[in-house]
file work-v2.pdb (PDB, C-alpha atoms, pLDDT in the B column)
ATOM      1  CA  MET O   1     -17.972 -42.652 165.927  1.00 60.00           C
ATOM      2  CA  LEU O   2     -15.158 -42.060 168.442  1.00 69.00           C
ATOM      3  CA  GLU O   3     -13.408 -45.240 167.344  1.00 75.00           C
ATOM      4  CA  GLY O   4     -13.600 -44.058 163.735  1.00 90.00           C
ATOM      5  CA  ILE O   5     -11.907 -40.768 164.566  1.00 96.00           C
ATOM      6  CA  GLU O   6      -9.249 -42.508 166.648  1.00 96.00           C
ATOM      7  CA  SER O   7      -8.513 -44.919 163.813  1.00 95.00           C
ATOM      8  CA  VAL O   8      -7.783 -41.983 161.505  1.00 96.00           C
ATOM      9  CA  PHE O   9      -5.846 -40.057 164.173  1.00 98.00           C
ATOM     10  CA  PRO O  10      -4.120 -42.741 166.299  1.00 97.00           C
ATOM     11  CA  ARG O  11      -2.551 -40.254 168.724  1.00 98.00           C
ATOM     12  CA  LEU O  12      -6.042 -39.592 170.084  1.00 97.00           C
ATOM     13  CA  GLN O  13      -6.246 -43.151 171.403  1.00 96.00           C
ATOM     14  CA  GLY O  14      -6.094 -42.920 175.170  1.00 95.00           C
ATOM     15  CA  ALA O  15      -5.754 -39.146 175.020  1.00 97.00           C
ATOM     16  CA  ASP O  16      -8.059 -36.505 176.467  1.00 97.00           C
ATOM     17  CA  TRP O  17     -10.288 -35.318 173.626  1.00 98.00           C
ATOM     18  CA  GLN O  18     -13.979 -34.608 173.094  1.00 97.00           C
ATOM     19  CA  VAL O  19     -16.400 -34.225 170.207  1.00 97.00           C
ATOM     20  CA  SER O  20     -18.007 -30.769 170.383  1.00 96.00           C
ATOM     21  CA  SER O  21     -20.356 -30.716 167.377  1.00 97.00           C
ATOM     22  CA  THR O  22     -22.242 -32.829 164.896  1.00 96.00           C
ATOM     23  CA  PRO O  23     -20.901 -33.328 161.334  1.00 97.00           C
ATOM     24  CA  ASP O  24     -21.501 -30.329 159.068  1.00 98.00           C
ATOM     25  CA  ASP O  25     -20.639 -29.892 155.370  1.00 98.00           C
ATOM     26  CA  GLN O  26     -20.865 -26.114 155.577  1.00 98.00           C
ATOM     27  CA  TYR O  27     -17.410 -25.323 156.931  1.00 98.00           C
ATOM     28  CA  ASN O  28     -14.006 -26.905 157.219  1.00 98.00           C
ATOM     29  CA  CYS O  29     -11.014 -26.672 159.512  1.00 98.00           C
ATOM     30  CA  ILE O  30      -9.603 -23.532 157.951  1.00 98.00           C
ATOM     31  CA  ALA O  31     -12.886 -21.665 158.384  1.00 98.00           C
ATOM     32  CA  TRP O  32     -13.289 -22.991 161.925  1.00 98.00           C
ATOM     33  CA  ALA O  33      -9.767 -21.903 162.832  1.00 98.00           C
ATOM     34  CA  VAL O  34     -10.749 -18.301 162.124  1.00 97.00           C
ATOM     35  CA  GLY O  35     -14.179 -18.626 163.712  1.00 97.00           C
ATOM     36  CA  VAL O  36     -16.271 -19.016 160.549  1.00 98.00           C
ATOM     37  CA  THR O  37     -19.050 -21.627 160.229  1.00 98.00           C
ATOM     38  CA  THR O  38     -20.657 -20.547 156.947  1.00 97.00           C
ATOM     39  CA  ASP O  39     -17.950 -21.155 154.343  1.00 98.00           C
ATOM     40  CA  TRP O  40     -15.564 -23.836 153.112  1.00 98.00           C
ATOM     41  CA  TRP O  41     -12.154 -22.107 153.035  1.00 98.00           C
ATOM     42  CA  TRP O  42      -9.587 -23.461 150.594  1.00 98.00           C
ATOM     43  CA  PRO O  43      -7.377 -21.699 148.048  1.00 98.00           C
ATOM     44  CA  ILE O  44      -8.020 -24.197 145.257  1.00 96.00           C
ATOM     45  CA  GLY O  45     -11.515 -24.526 143.830  1.00 93.00           C
ATOM     46  CA  LEU O  46     -12.296 -21.147 142.312  1.00 90.00           C
ATOM     47  CA  GLU O  47     -16.102 -20.656 142.339  1.00 91.00           C
ATOM     48  CA  ARG O  48     -16.447 -23.688 144.650  1.00 96.00           C
ATOM     49  CA  THR O  49     -14.628 -22.576 147.802  1.00 98.00           C
ATOM     50  CA  TYR O  50     -14.036 -19.358 149.732  1.00 98.00           C
ATOM     51  CA  TRP O  51     -10.668 -17.661 149.954  1.00 98.00           C
ATOM     52  CA  PRO O  52     -10.030 -14.050 150.989  1.00 97.00           C
ATOM     53  CA  GLU O  53     -10.326 -11.788 147.991  1.00 95.00           C
ATOM     54  CA  GLY O  54      -7.070 -10.893 146.320  1.00 95.00           C
ATOM     55  CA  MET O  55      -5.058 -13.538 148.154  1.00 96.00           C
ATOM     56  CA  ARG O  56      -3.062 -16.018 146.108  1.00 96.00           C
ATOM     57  CA  ARG O  57      -4.917 -19.240 145.449  1.00 96.00           C
ATOM     58  CA  GLU O  58      -2.259 -21.871 145.996  1.00 97.00           C
ATOM     59  CA  VAL O  59      -1.834 -24.565 148.636  1.00 98.00           C
ATOM     60  CA  THR O  60       1.336 -23.256 150.244  1.00 98.00           C
ATOM     61  CA  LEU O  61       2.174 -22.151 153.752  1.00 98.00           C
ATOM     62  CA  GLN O  62       2.923 -18.686 152.403  1.00 98.00           C
ATOM     63  CA  ALA O  63      -0.535 -18.409 150.862  1.00 98.00           C
ATOM     64  CA  PHE O  64      -2.192 -19.562 154.098  1.00 98.00           C
ATOM     65  CA  CYS O  65      -0.050 -17.168 156.114  1.00 98.00           C
ATOM     66  CA  GLU O  66      -1.056 -14.258 153.889  1.00 98.00           C
ATOM     67  CA  ALA O  67      -4.740 -15.225 154.035  1.00 98.00           C
ATOM     68  CA  PHE O  68      -4.704 -15.392 157.841  1.00 98.00           C
ATOM     69  CA  ALA O  69      -2.819 -12.097 157.958  1.00 98.00           C
ATOM     70  CA  THR O  70      -5.865 -10.412 156.389  1.00 97.00           C
ATOM     71  CA  LEU O  71      -7.668 -11.239 159.653  1.00 97.00           C
ATOM     72  CA  GLY O  72      -4.973  -9.800 161.870  1.00 97.00           C
ATOM     73  CA  PHE O  73      -2.858 -12.887 162.527  1.00 98.00           C
ATOM     74  CA  VAL O  74       0.914 -12.641 162.663  1.00 98.00           C
ATOM     75  CA  VAL O  75       3.459 -15.453 162.800  1.00 98.00           C
ATOM     76  CA  CYS O  76       4.494 -16.456 166.313  1.00 97.00           C
ATOM     77  CA  ALA O  77       6.918 -18.930 167.802  1.00 94.00           C
ATOM     78  CA  GLY O  78       5.224 -20.726 170.639  1.00 95.00           C
ATOM     79  CA  GLU O  79       2.000 -22.677 171.101  1.00 97.00           C
ATOM     80  CA  GLU O  80       1.630 -21.757 174.774  1.00 97.00           C
ATOM     81  CA  LEU O  81      -1.421 -19.785 175.895  1.00 97.00           C
ATOM     82  CA  GLU O  82      -0.752 -16.042 175.870  1.00 97.00           C
ATOM     83  CA  ALA O  83      -3.138 -13.671 177.606  1.00 95.00           C
ATOM     84  CA  GLY O  84      -4.730 -11.300 175.133  1.00 96.00           C
ATOM     85  CA  PHE O  85      -3.988 -13.424 172.053  1.00 97.00           C
ATOM     86  CA  GLU O  86      -5.799 -16.053 170.035  1.00 97.00           C
ATOM     87  CA  LYS O  87      -3.565 -18.598 168.303  1.00 98.00           C
ATOM     88  CA  ILE O  88      -4.010 -20.834 165.303  1.00 98.00           C
ATOM     89  CA  ALA O  89      -1.818 -23.696 164.095  1.00 98.00           C
ATOM     90  CA  VAL O  90      -1.410 -24.892 160.517  1.00 98.00           C
ATOM     91  CA  PHE O  91      -0.551 -28.551 159.937  1.00 98.00           C
ATOM     92  CA  ALA O  92       1.393 -29.493 156.808  1.00 98.00           C
ATOM     93  CA  ASN O  93       2.740 -32.694 155.329  1.00 98.00           C
ATOM     94  CA  ASP O  94       6.409 -33.557 154.767  1.00 97.00           C
ATOM     95  CA  GLN O  95       6.410 -31.513 151.559  1.00 97.00           C
ATOM     96  CA  GLY O  96       5.139 -28.448 153.413  1.00 97.00           C
ATOM     97  CA  VAL O  97       1.661 -28.670 151.889  1.00 98.00           C
ATOM     98  CA  PRO O  98      -1.004 -27.368 154.298  1.00 98.00           C
ATOM     99  CA  LYS O  99      -3.571 -29.991 155.309  1.00 98.00           C
ATOM    100  CA  HIS O 100      -5.284 -28.717 158.446  1.00 98.00           C
ATOM    101  CA  ALA O 101      -5.633 -25.846 160.878  1.00 98.00           C
ATOM    102  CA  ALA O 102      -6.646 -25.694 164.550  1.00 98.00           C
ATOM    103  CA  ARG O 103      -7.524 -22.861 166.923  1.00 98.00           C
ATOM    104  CA  GLN O 104      -6.539 -22.420 170.546  1.00 98.00           C
ATOM    105  CA  ARG O 105      -9.398 -21.963 172.989  1.00 97.00           C
ATOM    106  CA  PRO O 106      -9.110 -19.562 175.943  1.00 96.00           C
ATOM    107  CA  SER O 107      -8.492 -22.623 178.134  1.00 96.00           C
ATOM    108  CA  GLY O 108      -5.323 -23.419 176.198  1.00 97.00           C
ATOM    109  CA  ARG O 109      -6.860 -26.525 174.604  1.00 98.00           C
ATOM    110  CA  TRP O 110      -7.234 -26.661 170.837  1.00 98.00           C
ATOM    111  CA  THR O 111     -10.302 -27.081 168.674  1.00 98.00           C
ATOM    112  CA  SER O 112     -10.438 -28.580 165.191  1.00 98.00           C
ATOM    113  CA  LYS O 113     -13.096 -29.193 162.581  1.00 98.00           C
ATOM    114  CA  LEU O 114     -12.332 -32.545 160.991  1.00 98.00           C
ATOM    115  CA  GLY O 115     -13.115 -31.977 157.314  1.00 98.00           C
ATOM    116  CA  LYS O 116     -16.905 -32.185 156.929  1.00 98.00           C
ATOM    117  CA  MET O 117     -17.165 -34.254 160.089  1.00 97.00           C
ATOM    118  CA  GLU O 118     -17.241 -33.163 163.737  1.00 97.00           C
ATOM    119  CA  ASP O 119     -15.460 -30.429 165.708  1.00 98.00           C
ATOM    120  CA  ILE O 120     -13.285 -31.812 168.458  1.00 98.00           C
ATOM    121  CA  ASP O 121     -11.327 -30.394 171.400  1.00 98.00           C
ATOM    122  CA  HIS O 122      -7.853 -31.894 171.729  1.00 98.00           C
ATOM    123  CA  ALA O 123      -4.223 -31.378 172.608  1.00 98.00           C
ATOM    124  CA  LEU O 124      -2.493 -29.681 169.678  1.00 98.00           C
ATOM    125  CA  HIS O 125      -0.122 -32.466 168.664  1.00 98.00           C
ATOM    126  CA  ASP O 126      -2.638 -35.287 169.032  1.00 98.00           C
ATOM    127  CA  LEU O 127      -3.837 -34.748 165.439  1.00 98.00           C
ATOM    128  CA  GLU O 128      -0.364 -35.073 163.983  1.00 98.00           C
ATOM    129  CA  GLY O 129       0.269 -38.079 161.771  1.00 98.00           C
ATOM    130  CA  THR O 130      -0.059 -39.309 158.234  1.00 97.00           C
ATOM    131  CA  VAL O 131      -3.351 -37.545 157.484  1.00 97.00           C
ATOM    132  CA  TYR O 132      -2.616 -33.964 158.579  1.00 98.00           C
ATOM    133  CA  GLY O 133       1.157 -34.031 158.897  1.00 98.00           C
ATOM    134  CA  SER O 134       2.569 -31.935 161.708  1.00 98.00           C
ATOM    135  CA  VAL O 135       2.240 -28.461 163.157  1.00 98.00           C
ATOM    136  CA  THR O 136       4.290 -26.260 160.863  1.00 98.00           C
ATOM    137  CA  LEU O 137       3.043 -22.716 161.336  1.00 98.00           C
ATOM    138  CA  LEU O 138       1.760 -20.863 164.399  1.00 98.00           C
ATOM    139  CA  MET O 139       0.063 -17.472 164.215  1.00 98.00           C
ATOM    140  CA  LYS O 140      -1.645 -15.224 166.744  1.00 98.00           C
ATOM    141  CA  ARG O 141      -3.839 -12.148 166.875  1.00 98.00           C
ATOM    142  CA  PRO O 142      -4.887  -9.908 169.723  1.00 97.00           C
ATOM    143  CA  VAL O 143      -8.288 -10.434 171.326  1.00 93.00           C
ATOM    144  CA  ALA O 144     -10.150  -8.460 173.943  1.00 77.00           C
ATOM    145  CA  ILE O 145      -9.534  -9.800 177.445  1.00 67.00           C
TER     146      ILE O 145
ATOM    147  CA  MET J   1      -2.067 -36.140 149.397  1.00 44.00           C
ATOM    148  CA  ALA J   2      -3.381 -37.250 152.752  1.00 49.00           C
ATOM    149  CA  SER J   3      -3.043 -40.889 153.518  1.00 48.00           C
ATOM    150  CA  VAL J   4      -6.423 -42.079 154.703  1.00 58.00           C
ATOM    151  CA  PRO J   5      -6.437 -45.585 153.180  1.00 54.00           C
ATOM    152  CA  LYS J   6      -8.080 -45.565 149.803  1.00 57.00           C
ATOM    153  CA  SER J   7      -9.779 -48.339 147.960  1.00 56.00           C
ATOM    154  CA  GLN J   8     -10.592 -48.489 144.306  1.00 58.00           C
ATOM    155  CA  PRO J   9     -14.331 -48.193 143.745  1.00 57.00           C
ATOM    156  CA  ARG J  10     -15.886 -51.516 142.906  1.00 54.00           C
ATOM    157  CA  ALA J  11     -17.038 -51.786 139.316  1.00 55.00           C
ATOM    158  CA  PRO J  12     -20.789 -51.368 139.023  1.00 51.00           C
ATOM    159  CA  GLY J  13     -22.616 -54.676 138.775  1.00 52.00           C
ATOM    160  CA  PRO J  14     -25.960 -55.420 137.153  1.00 53.00           C
ATOM    161  CA  PRO J  15     -27.820 -56.159 140.428  1.00 46.00           C
ATOM    162  CA  ASP J  16     -27.257 -52.654 141.738  1.00 76.00           C
ATOM    163  CA  THR J  17     -29.626 -49.806 141.079  1.00 94.00           C
ATOM    164  CA  VAL J  18     -28.054 -46.444 140.349  1.00 96.00           C
ATOM    165  CA  GLU J  19     -29.083 -45.277 143.817  1.00 96.00           C
ATOM    166  CA  GLU J  20     -27.496 -48.300 145.490  1.00 96.00           C
ATOM    167  CA  ARG J  21     -24.292 -47.731 143.581  1.00 97.00           C
ATOM    168  CA  PHE J  22     -24.414 -44.011 144.369  1.00 97.00           C
ATOM    169  CA  ARG J  23     -24.806 -44.691 148.096  1.00 97.00           C
ATOM    170  CA  GLN J  24     -21.973 -47.244 148.076  1.00 97.00           C
ATOM    171  CA  LEU J  25     -19.677 -44.716 146.455  1.00 97.00           C
ATOM    172  CA  GLU J  26     -20.815 -41.963 148.815  1.00 97.00           C
ATOM    173  CA  MET J  27     -20.001 -44.191 151.781  1.00 97.00           C
ATOM    174  CA  THR J  28     -16.501 -44.915 150.446  1.00 97.00           C
ATOM    175  CA  TRP J  29     -15.917 -41.268 149.599  1.00 97.00           C
ATOM    176  CA  THR J  30     -17.018 -40.064 153.045  1.00 96.00           C
ATOM    177  CA  ALA J  31     -15.019 -42.739 154.862  1.00 95.00           C
ATOM    178  CA  GLU J  32     -11.843 -41.834 152.978  1.00 96.00           C
ATOM    179  CA  THR J  33     -12.163 -38.049 152.618  1.00 97.00           C
ATOM    180  CA  GLY J  34     -14.621 -37.025 155.340  1.00 97.00           C
ATOM    181  CA  TYR J  35     -11.809 -35.824 157.596  1.00 98.00           C
ATOM    182  CA  LEU J  36     -10.088 -33.780 154.880  1.00 98.00           C
ATOM    183  CA  SER J  37     -10.402 -30.082 154.116  1.00 97.00           C
ATOM    184  CA  SER J  38      -8.484 -30.039 150.843  1.00 97.00           C
ATOM    185  CA  TYR J  39     -10.832 -29.386 147.927  1.00 98.00           C
ATOM    186  CA  GLN J  40      -8.598 -31.208 145.507  1.00 97.00           C
ATOM    187  CA  ASP J  41      -8.171 -34.254 147.778  1.00 97.00           C
ATOM    188  CA  ILE J  42     -11.957 -34.459 148.091  1.00 98.00           C
ATOM    189  CA  VAL J  43     -12.966 -34.033 144.439  1.00 98.00           C
ATOM    190  CA  GLU J  44     -10.100 -36.052 143.007  1.00 98.00           C
ATOM    191  CA  HIS J  45     -10.935 -39.115 145.118  1.00 98.00           C
ATOM    192  CA  PRO J  46     -11.730 -42.149 142.904  1.00 98.00           C
ATOM    193  CA  ALA J  47     -15.180 -42.636 144.438  1.00 98.00           C
ATOM    194  CA  PHE J  48     -16.107 -39.009 143.779  1.00 98.00           C
ATOM    195  CA  ARG J  49     -14.886 -39.328 140.191  1.00 98.00           C
ATOM    196  CA  GLU J  50     -16.997 -42.447 139.749  1.00 98.00           C
ATOM    197  CA  ILE J  51     -20.033 -40.640 141.145  1.00 98.00           C
ATOM    198  CA  ILE J  52     -19.471 -37.984 138.482  1.00 98.00           C
ATOM    199  CA  ARG J  53     -19.337 -40.713 135.835  1.00 98.00           C
ATOM    200  CA  LEU J  54     -22.759 -41.992 136.919  1.00 97.00           C
ATOM    201  CA  GLY J  55     -24.008 -38.882 135.154  1.00 98.00           C
ATOM    202  CA  THR J  56     -27.378 -37.214 135.193  1.00 97.00           C
ATOM    203  CA  ALA J  57     -29.079 -40.218 136.823  1.00 97.00           C
ATOM    204  CA  VAL J  58     -27.696 -39.102 140.188  1.00 98.00           C
ATOM    205  CA  VAL J  59     -28.803 -35.475 139.901  1.00 98.00           C
ATOM    206  CA  PRO J  60     -32.236 -36.112 141.500  1.00 98.00           C
ATOM    207  CA  LEU J  61     -30.548 -38.055 144.294  1.00 98.00           C
ATOM    208  CA  MET J  62     -28.152 -35.202 145.001  1.00 98.00           C
ATOM    209  CA  LEU J  63     -30.949 -32.640 144.923  1.00 98.00           C
ATOM    210  CA  ARG J  64     -32.960 -34.763 147.352  1.00 98.00           C
ATOM    211  CA  ASP J  65     -29.956 -34.771 149.694  1.00 98.00           C
ATOM    212  CA  LEU J  66     -29.630 -31.002 149.381  1.00 98.00           C
ATOM    213  CA  GLN J  67     -33.236 -30.637 150.492  1.00 98.00           C
ATOM    214  CA  GLU J  68     -32.291 -32.290 153.771  1.00 97.00           C
ATOM    215  CA  ARG J  69     -29.216 -30.177 154.457  1.00 98.00           C
ATOM    216  CA  PRO J  70     -26.365 -28.394 152.650  1.00 98.00           C
ATOM    217  CA  ARG J  71     -23.982 -30.908 151.115  1.00 98.00           C
ATOM    218  CA  LEU J  72     -20.762 -30.983 149.105  1.00 98.00           C
ATOM    219  CA  TRP J  73     -22.747 -32.293 146.134  1.00 98.00           C
ATOM    220  CA  VAL J  74     -22.617 -28.643 145.071  1.00 98.00           C
ATOM    221  CA  TRP J  75     -19.102 -29.480 143.852  1.00 98.00           C
ATOM    222  CA  ALA J  76     -20.287 -32.438 141.757  1.00 98.00           C
ATOM    223  CA  LEU J  77     -23.397 -30.944 140.162  1.00 98.00           C
ATOM    224  CA  PRO J  78     -21.580 -28.419 137.929  1.00 98.00           C
ATOM    225  CA  GLU J  79     -19.413 -31.191 136.482  1.00 97.00           C
ATOM    226  CA  ILE J  80     -22.393 -33.453 135.818  1.00 98.00           C
ATOM    227  CA  THR J  81     -24.813 -30.879 134.442  1.00 98.00           C
ATOM    228  CA  GLY J  82     -22.527 -28.270 132.901  1.00 97.00           C
ATOM    229  CA  ALA J  83     -24.595 -25.651 134.718  1.00 97.00           C
ATOM    230  CA  ASP J  84     -23.336 -23.199 137.310  1.00 96.00           C
ATOM    231  CA  PRO J  85     -26.267 -21.469 139.004  1.00 98.00           C
ATOM    232  CA  VAL J  86     -24.381 -20.185 142.052  1.00 97.00           C
ATOM    233  CA  PRO J  87     -24.364 -16.370 142.046  1.00 95.00           C
ATOM    234  CA  PRO J  88     -21.004 -14.605 142.171  1.00 89.00           C
ATOM    235  CA  GLY J  89     -19.991 -13.909 145.713  1.00 92.00           C
ATOM    236  CA  GLU J  90     -21.514 -17.076 147.156  1.00 96.00           C
ATOM    237  CA  SER J  91     -18.617 -19.389 146.308  1.00 95.00           C
ATOM    238  CA  GLY J  92     -17.736 -21.526 149.295  1.00 97.00           C
ATOM    239  CA  ASN J  93     -20.972 -20.826 151.143  1.00 98.00           C
ATOM    240  CA  ILE J  94     -22.258 -24.392 150.958  1.00 98.00           C
ATOM    241  CA  ALA J  95     -25.733 -23.468 152.267  1.00 98.00           C
ATOM    242  CA  LYS J  96     -26.278 -20.740 149.686  1.00 98.00           C
ATOM    243  CA  MET J  97     -24.755 -22.904 146.949  1.00 98.00           C
ATOM    244  CA  SER J  98     -27.175 -25.692 147.933  1.00 98.00           C
ATOM    245  CA  GLU J  99     -30.110 -23.264 147.749  1.00 98.00           C
ATOM    246  CA  ALA J 100     -28.993 -22.133 144.281  1.00 98.00           C
ATOM    247  CA  TRP J 101     -28.896 -25.732 143.088  1.00 98.00           C
ATOM    248  CA  LEU J 102     -32.351 -26.427 144.488  1.00 98.00           C
ATOM    249  CA  ARG J 103     -33.680 -23.395 142.601  1.00 98.00           C
ATOM    250  CA  TRP J 104     -31.955 -24.711 139.470  1.00 98.00           C
ATOM    251  CA  GLY J 105     -33.500 -28.134 140.024  1.00 98.00           C
ATOM    252  CA  ARG J 106     -37.024 -26.771 140.348  1.00 97.00           C
ATOM    253  CA  ALA J 107     -36.508 -24.642 137.221  1.00 97.00           C
ATOM    254  CA  HIS J 108     -35.462 -27.774 135.343  1.00 96.00           C
ATOM    255  CA  GLY J 109     -38.398 -29.931 136.399  1.00 94.00           C
ATOM    256  CA  PHE J 110     -36.878 -31.810 139.311  1.00 94.00           C
ATOM    257  CA  GLN J 111     -39.046 -32.354 142.369  1.00 88.00           C
ATOM    258  CA  CYS J 112     -37.002 -30.672 145.043  1.00 86.00           C
TER     259      CYS J 112
END
call {"tool": "encode", "arguments": {"input": "work-v2.pdb", "output": "structure tokens"}}
result
Amino acid sequence: MLEGIESVFPRLQGADWQVSSTPDDQYNCIAWAVGVTTDWWWPIGLERTYWPEGMRREVTLQAFCEAFATLGFVVCAGEELEAGFEKIAVFANDQGVPKHAARQRPSGRWTSKLGKMEDIDHALHDLEGTVYGSVTLLMKRPVAI
Amino acid sequence: MASVPKSQPRAPGPPDTVEERFRQLEMTWTAETGYLSSYQDIVEHPAFREIIRLGTAVVPLMLRDLQERPRLWVWALPEITGADPVPPGESGNIAKMSEAWLRWGRAHGFQC
């Protein structure tokens, strides 16, 4: 299992990362980034996927940014841990098409749901590569301390 | 499009049962899209399209899988059957969509 994940995401090889769940078809990375485990979030797939009501259904960074903004997230510059804030990161390919999202844990580590497969804890940039592209958008929202 | 290596689904051969072919395609599809979140990358994958082309013969197999746990077969079943039993407001909730398809299956004589 671990070798399979590392073959898809080569930067994990030799890195500090852990599996934190079993595979689950019920939610994907976008849902997990905002703390949801009951829905598959994606803008395309009307009547098949969940997307916040009234938000544009297109696979663009702007559409993702607007969807996350409905939950209180605002664009931010840095990926460092900030007391009182929860951060998410959107990965996009070279064309700027969103492919993945991750959420920062209170420890400063990041957590990702890998499609319908497992959740993992990892360093933010260790999932960058040909599958998810690179971190392109960072957002944050206030949380109770 | 993400770049998990893709292979063209092998053409179905006479020795295979529909279920064997279905499971081969499922394995390919999961190996090559299991780490993706993009709806279109998942349903446009060649193995998924070939599963759709297997037609109504795979409906009981998908319903049997849904009995075990919620699955993304809820995205294939509407294309195969032409039905859409998921109530408005439950789109994207894979568990509730799976339950709706199981109700549909029982109403249409499937053992599920």
call {"tool": "closest_atom_pairs", "arguments": {"input": "work-v2.pdb", "of": "chain O", "to": "chain J", "cutoff": "8 Å", "atoms": "only C-alpha atoms", "output": "tab-separated table"}}
result
residue	atom	partner	partner_atom	distance
O:Val8	CA	J:Val4	CA	6.9
O:Asp25	CA	J:Arg71	CA	5.5
O:Gln26	CA	J:Ile94	CA	5.1
O:Tyr27	CA	J:Ile94	CA	7.7
O:Asn28	CA	J:Ser37	CA	5.7
O:Cys29	CA	J:Ser37	CA	6.4
O:Ile30	CA	J:Ser37	CA	7.6
O:Thr38	CA	J:Asn93	CA	5.8
O:Asp39	CA	J:Asn93	CA	4.4
O:Trp40	CA	J:Gly92	CA	5.0
O:Trp41	CA	J:Gly92	CA	6.7
O:Trp42	CA	J:Tyr39	CA	6.6
O:Ile44	CA	J:Tyr39	CA	6.5
O:Gly45	CA	J:Tyr39	CA	6.4
O:Leu46	CA	J:Ser91	CA	7.7
O:Glu47	CA	J:Ser91	CA	4.9
O:Arg48	CA	J:Ser91	CA	5.1
O:Thr49	CA	J:Gly92	CA	3.6
O:Tyr50	CA	J:Gly92	CA	4.3
O:Lys99	CA	J:Ser38	CA	6.6
O:His100	CA	J:Ser37	CA	6.8
O:Leu114	CA	J:Tyr35	CA	4.7
O:Gly115	CA	J:Tyr35	CA	4.1
O:Lys116	CA	J:Gly34	CA	5.6
O:Met117	CA	J:Gly34	CA	6.1
O:Thr130	CA	J:Ser3	CA	5.8
O:Val131	CA	J:Ala2	CA	4.7
O:Tyr132	CA	J:Ala2	CA	6.7
call {"tool": "residues_around", "arguments": {"input": "work-v2.pdb", "residues": "segment 9-19 of chain O", "least_positions_apart": "2", "cutoff": "9 Å", "atoms": "only C-alpha atoms", "output": "VMD selection string"}}
result
chain O and resid 2 to 7 21 to 22 118 to 123 125 to 132
call {"tool": "atom_distance", "arguments": {"input": "work-v2.pdb", "atom1": "atom CA of Thr17 of chain J", "atom2": "atom CA of Trp101 of chain J"}}
result
24.2 Å
call {"tool": "axis_aligned_box", "arguments": {"input": "work-v2.pdb", "around": "segment 107-111 of chain J", "padding_each_side": "8 Å", "output": "JSON"}}
result
{"center_x": -37.3, "center_y": -28.5, "center_z": 138.9, "size_x": 19.6, "size_y": 23.7, "size_z": 23.0}
call {"tool": "atom_distance", "arguments": {"input": "work-v2.pdb", "atom1": "atom CA of Ala33 of chain O", "atom2": "atom CA of Ala102 of chain O"}}
result
5.2 Å
call {"tool": "closest_residue", "arguments": {"input": "work-v2.pdb", "among": "J:Ile52, J:Gly105, J:Gln111, J:Gln67", "to": "Pro85 of chain J", "atoms": "only C-alpha atoms"}}
result
J:Gly105
call {"tool": "resolve_selection", "arguments": {"input": "work-v2.pdb", "expression": "the PyMOL selection byres ((chain J and resi 56) around 12)", "output": "short mmCIF file (atom, residue, chain, number, x, y, z; two decimals) with C-alpha atoms, in the coordinates of the input"}}
result
data_model
loop_
_atom_site.label_atom_id
_atom_site.label_comp_id
_atom_site.auth_asym_id
_atom_site.auth_seq_id
_atom_site.Cartn_x
_atom_site.Cartn_y
_atom_site.Cartn_z
CA VAL J 18 -28.05 -46.44 140.35
CA GLU J 19 -29.08 -45.28 143.82
CA PHE J 22 -24.41 -44.01 144.37
CA ILE J 51 -20.03 -40.64 141.15
CA ILE J 52 -19.47 -37.98 138.48
CA ARG J 53 -19.34 -40.71 135.84
CA LEU J 54 -22.76 -41.99 136.92
CA GLY J 55 -24.01 -38.88 135.15
CA ALA J 57 -29.08 -40.22 136.82
CA VAL J 58 -27.70 -39.10 140.19
CA VAL J 59 -28.80 -35.48 139.90
CA PRO J 60 -32.24 -36.11 141.50
CA LEU J 61 -30.55 -38.06 144.29
CA MET J 62 -28.15 -35.20 145.00
CA LEU J 63 -30.95 -32.64 144.92
CA ALA J 76 -20.29 -32.44 141.76
CA LEU J 77 -23.40 -30.94 140.16
CA PRO J 78 -21.58 -28.42 137.93
CA GLU J 79 -19.41 -31.19 136.48
CA ILE J 80 -22.39 -33.45 135.82
CA THR J 81 -24.81 -30.88 134.44
CA GLY J 82 -22.53 -28.27 132.90
CA ALA J 83 -24.60 -25.65 134.72
CA GLY J 105 -33.50 -28.13 140.02
CA PHE J 110 -36.88 -31.81 139.31
#
call {"tool": "build_atoms", "arguments": {"input": "work-v2.pdb", "residues": "segment 49-56 of chain J", "atoms": "N, CA and C atoms", "output": "short mmCIF file (atom, residue, chain, number, x, y, z; two decimals), keeping the file's coordinate frame"}}
result
data_model
loop_
_atom_site.label_atom_id
_atom_site.label_comp_id
_atom_site.auth_asym_id
_atom_site.auth_seq_id
_atom_site.Cartn_x
_atom_site.Cartn_y
_atom_site.Cartn_z
N ARG J 49 -14.96 -39.34 141.67
CA ARG J 49 -14.89 -39.33 140.19
C ARG J 49 -15.87 -40.33 139.61
N GLU J 50 -16.05 -41.47 140.29
CA GLU J 50 -17.00 -42.45 139.75
C GLU J 50 -18.44 -41.96 139.92
N ILE J 51 -18.70 -41.25 140.99
CA ILE J 51 -20.03 -40.64 141.15
C ILE J 51 -20.30 -39.69 139.98
N ILE J 52 -19.31 -38.90 139.62
CA ILE J 52 -19.47 -37.98 138.48
C ILE J 52 -19.80 -38.78 137.22
N ARG J 53 -19.12 -39.91 137.05
CA ARG J 53 -19.34 -40.71 135.84
C ARG J 53 -20.71 -41.38 135.81
N LEU J 54 -21.38 -41.47 136.93
CA LEU J 54 -22.76 -41.99 136.92
C LEU J 54 -23.69 -41.05 136.15
N GLY J 55 -23.30 -39.81 136.04
CA GLY J 55 -24.01 -38.88 135.15
C GLY J 55 -25.32 -38.36 135.71
N THR J 56 -26.16 -37.95 134.80
CA THR J 56 -27.38 -37.21 135.19
C THR J 56 -28.35 -38.05 136.02
#
